[in-house]
Amino acid sequence: MTARSLAAVGRPHRLDVLIAGGGLLGGLLLWAMNLHGGPARLGLPTSLTLVALTAMSAAELLRRTAPMTALAIAVPALVLDICTGTLVATVLMFTDVVYAAVLYGPASAARRIPQHSVLVTVLAAIALTALWQDPQVVMAVIGIALVTIAPAWTGIIIRNHRDAAQSARLRAERIALLAERDRTQAVAGERARMARELHDMVANHLSAIAIHSTAAQSIDDPSATHEALGVIRENSVQGLAEMRRLIGLLRDPKTTETAEEPAATPTLDGLDALITQTRANGTSSGLTFVLDDARSPDGQGAGRTPAAVELAAYRIVQESLTNALKHAAPGEVRVRIAHERGGALTVAVRSPFADRPGPRAPGSGTGLVGMRERIALLGGAFEAGPESGPAGRVWLVRAVLPAAEEEEQR
């Protein structure tokens with residue numbers, strides 16, 4: 001091997017060094033004690049047995065870092081050892097090199113070496129039977145099989161177990177990564193849901209407080225100031241109640257609510273109260289609010305509306321009214337809710353479009369994003385933007401929700 005190839009192989013493993021050193025010392029001890037397997041053949045000197053021993057020890061140094069190179073060195077070293085007297089230490093190290101070539105070598109070698117070991121053993125059995133017609137041929141063939149077949153198939157069995165364990169470990173790591181990703185996505189989704197709920201519950205009250213506090217500061221009228229303070233107090237109390245309810249649900253979702261607490265899940269039946277409250281909040285903005293509830297009183301043409309759909313529709317109306325308080329020009333804000341053909345629930349909120357430089361009250365700018373997310377989670381359609389109407393330009397918020405619930409147990 002060249003210096004470059006040796007550098008590419010790298011330093012031998014510590015265990016390989018111990019095996020090579022132990023095999024070399026054991027072979028030298030057997031040589032010193034004159035414990036050979038037999039006389040030299042083909043007229044070769046018995047001293048070449050030490051050359052074979054040294055070459056086999058060098059192959060052992062490469063058993064893990066370069067197993068195929070080690071096998072290429074070990075095969076001629078074994079042949080030389082057999083022809084010059086045969087040391088047991090050399091034969092044992094050869095079996096270890098074959099085992100290591102199957103275990104640490106490439107997958108193609110791991111498939112070929114056991115097959116070739118069987119082929120070599122069969123050919124050797126045929127040759128010995130033809131040349132040496134003696135019952136001891138059976139023992140010789142068994143010895144050849146122990147040197148070739150046994151280490152090769154032992155290596156393939158252990159390699160298969162190792163690959164199976166590695167596959168199981170990788171599969172477990174992949175499952176753990178997927179579980180962590182699912183957990184992260186679940187946490188992110190829950191945080192987004194909490195943010196939407198918090199925004200929808202509190203933004204309406206805070207917007208009313210900001211609008212009326214601005215009016216109280218700008219109008220020097222005791223009666224108007226007193227009315228504005230009343231609205232501010234009412235929205236503050238309601239906002240605090242909503243916050244307490246949300247915090248209570250986050251701490252203990254199973255807590256049953258008393259009659260004095262607001263409903264845990266707003267429904268479409270609460271739109272009248274929402275419109276009334278918004279009408280009181282918008283007295284100073286020149287806005288009027290009208291609710292057009294076109295749903296069938298007996299529910300004909302539509303199945304039972306799921307609670308999630310009712311909550312989404314309620315929050316869309318609530319956020320649209322809040323945006324109207326902050327952005328709309330004086331005029332009529334119309335809320336229409338109806339069941340379309342096929343059971344879909346539609347919510348439409350039209351408010352006079354105002355080209356103003358800024359809102360009446362500051363906002364986070366996430367209202368439309370939250371509404372769009374709610375509709376996307378339910379598989380509905382959502383649109384928001386200005387459009388031309390009979391009374392001029394209006395800002396339209398329209399959502400279509402799949403409200404009809406299939407009666408699967410019918």
# chains A, B, ... in the order shown; residues from 1 in each chain; ligands from 1
>>> residues_around(residues="A:Ala152", least_positions_apart="4", cutoff="10 Å", atoms="only C-alpha atoms", output="PyMOL selection string")
chain A and resi 95-103+110-118+145-148+156-157
>>> write_last_selection(atoms="N, CA, C and O atoms", output="CSV table (one decimal), in the first residue's frame")
chain,number,residue,atom,x,y,z
A,95,THR,N,-9.6,-16.6,10.0
A,95,THR,CA,-11.1,-16.7,10.3
A,95,THR,C,-11.6,-15.4,10.8
A,95,THR,O,-12.7,-15.0,10.4
A,96,ASP,N,-10.8,-14.7,11.6
A,96,ASP,CA,-11.3,-13.4,12.1
A,96,ASP,C,-11.3,-12.3,11.0
A,96,ASP,O,-12.2,-11.5,11.0
A,97,VAL,N,-10.4,-12.4,10.1
A,97,VAL,CA,-10.4,-11.5,8.9
A,97,VAL,C,-11.6,-11.7,8.0
A,97,VAL,O,-12.3,-10.7,7.6
A,98,VAL,N,-12.0,-13.0,7.8
A,98,VAL,CA,-13.2,-13.3,7.0
A,98,VAL,C,-14.4,-12.7,7.7
A,98,VAL,O,-15.3,-12.1,7.1
A,99,TYR,N,-14.5,-13.0,9.0
A,99,TYR,CA,-15.6,-12.5,9.8
A,99,TYR,C,-15.7,-11.0,9.7
A,99,TYR,O,-16.8,-10.4,9.5
A,100,ALA,N,-14.6,-10.3,9.8
A,100,ALA,CA,-14.6,-8.8,9.8
A,100,ALA,C,-14.9,-8.3,8.4
A,100,ALA,O,-15.6,-7.2,8.3
A,101,ALA,N,-14.5,-9.0,7.4
A,101,ALA,CA,-14.8,-8.5,6.0
A,101,ALA,C,-16.3,-8.5,5.8
A,101,ALA,O,-16.9,-7.7,5.1
A,102,VAL,N,-17.0,-9.6,6.3
A,102,VAL,CA,-18.4,-9.7,6.1
A,102,VAL,C,-19.1,-8.6,7.0
A,102,VAL,O,-20.1,-8.0,6.6
A,103,LEU,N,-18.6,-8.4,8.2
A,103,LEU,CA,-19.3,-7.5,9.2
A,103,LEU,C,-19.1,-6.1,8.9
A,103,LEU,O,-20.0,-5.2,8.9
A,110,ALA,N,-20.6,-8.4,1.7
A,110,ALA,CA,-21.3,-9.2,2.7
A,110,ALA,C,-22.2,-10.3,2.0
A,110,ALA,O,-22.4,-11.4,2.6
A,111,ARG,N,-22.7,-10.0,0.8
A,111,ARG,CA,-23.5,-11.0,0.1
A,111,ARG,C,-22.6,-12.0,-0.6
A,111,ARG,O,-23.0,-13.2,-0.6
A,112,ARG,N,-21.5,-11.6,-1.1
A,112,ARG,CA,-20.7,-12.5,-1.9
A,112,ARG,C,-19.8,-13.5,-1.1
A,112,ARG,O,-19.6,-14.6,-1.5
A,113,ILE,N,-19.2,-12.9,0.0
A,113,ILE,CA,-18.2,-13.7,0.7
A,113,ILE,C,-18.8,-15.0,1.2
A,113,ILE,O,-18.2,-16.1,1.1
A,114,PRO,N,-20.0,-15.0,1.9
A,114,PRO,CA,-20.5,-16.3,2.3
A,114,PRO,C,-20.8,-17.3,1.2
A,114,PRO,O,-20.5,-18.5,1.3
A,115,GLN,N,-21.2,-16.8,0.0
A,115,GLN,CA,-21.4,-17.7,-1.1
A,115,GLN,C,-20.1,-18.3,-1.6
A,115,GLN,O,-20.0,-19.5,-1.9
A,116,HIS,N,-19.1,-17.4,-1.7
A,116,HIS,CA,-17.8,-17.9,-2.2
A,116,HIS,C,-17.2,-18.9,-1.2
A,116,HIS,O,-16.5,-19.8,-1.6
A,117,SER,N,-17.4,-18.7,0.1
A,117,SER,CA,-16.9,-19.6,1.1
A,117,SER,C,-17.5,-21.0,1.0
A,117,SER,O,-16.8,-22.0,1.1
A,118,VAL,N,-18.8,-21.0,0.7
A,118,VAL,CA,-19.4,-22.3,0.4
A,118,VAL,C,-18.9,-22.9,-0.8
A,118,VAL,O,-18.6,-24.2,-0.9
A,145,ALA,N,-14.4,-26.0,6.2
A,145,ALA,CA,-15.6,-25.3,6.5
A,145,ALA,C,-15.6,-24.4,7.7
A,145,ALA,O,-16.1,-23.3,7.7
A,146,LEU,N,-14.9,-24.8,8.8
A,146,LEU,CA,-14.7,-24.0,10.0
A,146,LEU,C,-13.9,-22.8,9.7
A,146,LEU,O,-14.1,-21.7,10.3
A,147,VAL,N,-13.0,-22.9,8.8
A,147,VAL,CA,-12.1,-21.7,8.4
A,147,VAL,C,-12.8,-20.7,7.5
A,147,VAL,O,-12.5,-19.5,7.6
A,148,THR,N,-13.7,-21.2,6.7
A,148,THR,CA,-14.3,-20.3,5.6
A,148,THR,C,-15.8,-20.1,5.9
A,148,THR,O,-16.2,-18.9,6.0
A,156,ILE,N,-22.4,-12.6,8.7
A,156,ILE,CA,-23.6,-12.1,8.0
A,156,ILE,C,-24.8,-12.1,9.0
A,156,ILE,O,-25.6,-11.2,9.0
A,157,ILE,N,-24.8,-13.1,10.0
A,157,ILE,CA,-25.9,-13.1,11.0
A,157,ILE,C,-25.8,-11.9,11.9
A,157,ILE,O,-26.8,-11.2,12.1
>>> select_by_dssp(residues="stretch 36-108 of chain A", states="helix (DSSP H, G or I)", output="NGL selection string")
:A and (48-61 or 67-83 or 88-104 or 107-108)
>>> residues_around(residues="stretch 272-280 of chain A", least_positions_apart="3", cutoff="7 Å", atoms="only C-alpha atoms", output="compact mmCIF listing (two decimals) with N, CA and C atoms, in the first residue's frame")
# COMPACT_ATOMS: atom_id res chain seq x y z
N THR A 283 -72.48 55.48 19.57
CA THR A 283 -73.38 56.64 19.55
C THR A 283 -72.68 57.90 19.08
N THR A 288 -75.18 53.61 12.61
CA THR A 288 -76.36 52.85 13.03
C THR A 288 -76.12 51.39 12.67
N PHE A 289 -76.66 50.51 13.50
CA PHE A 289 -76.38 49.08 13.32
C PHE A 289 -77.70 48.33 13.18
>>> atom_distance(atom1="atom CA of A:Ala164", atom2="atom CA of A:Leu178")
20.8 Å
>>> atom_distance(atom1="atom CA of A:Leu271", atom2="atom CA of A:Val347")
11.8 Å
>>> residues_around(residues="A:Arg41", least_positions_apart="3", cutoff="10 Å", atoms="only C-alpha atoms", output="PyMOL selection string")
chain A and resi 38+44-46+80+82-85
>>> closest_residue(among="A:Ala20, A:Ala66, A:Ala109, A:Ala58", to="A:Gly155", atoms="only C-alpha atoms")
A:Ala109
>>> closest_residue(among="A:Ala77, A:Leu345, A:Val88, A:Ala328", to="A:His36", atoms="only C-alpha atoms")
A:Val88
>>> closest_residue(among="A:Asp16, A:Glu173, A:Asp293, A:Glu60", to="A:His339", atoms="only C-alpha atoms")
A:Asp293
>>> atom_distance(atom1="atom CA of A:Ala384", atom2="atom CA of A:Val397")
4.4 Å
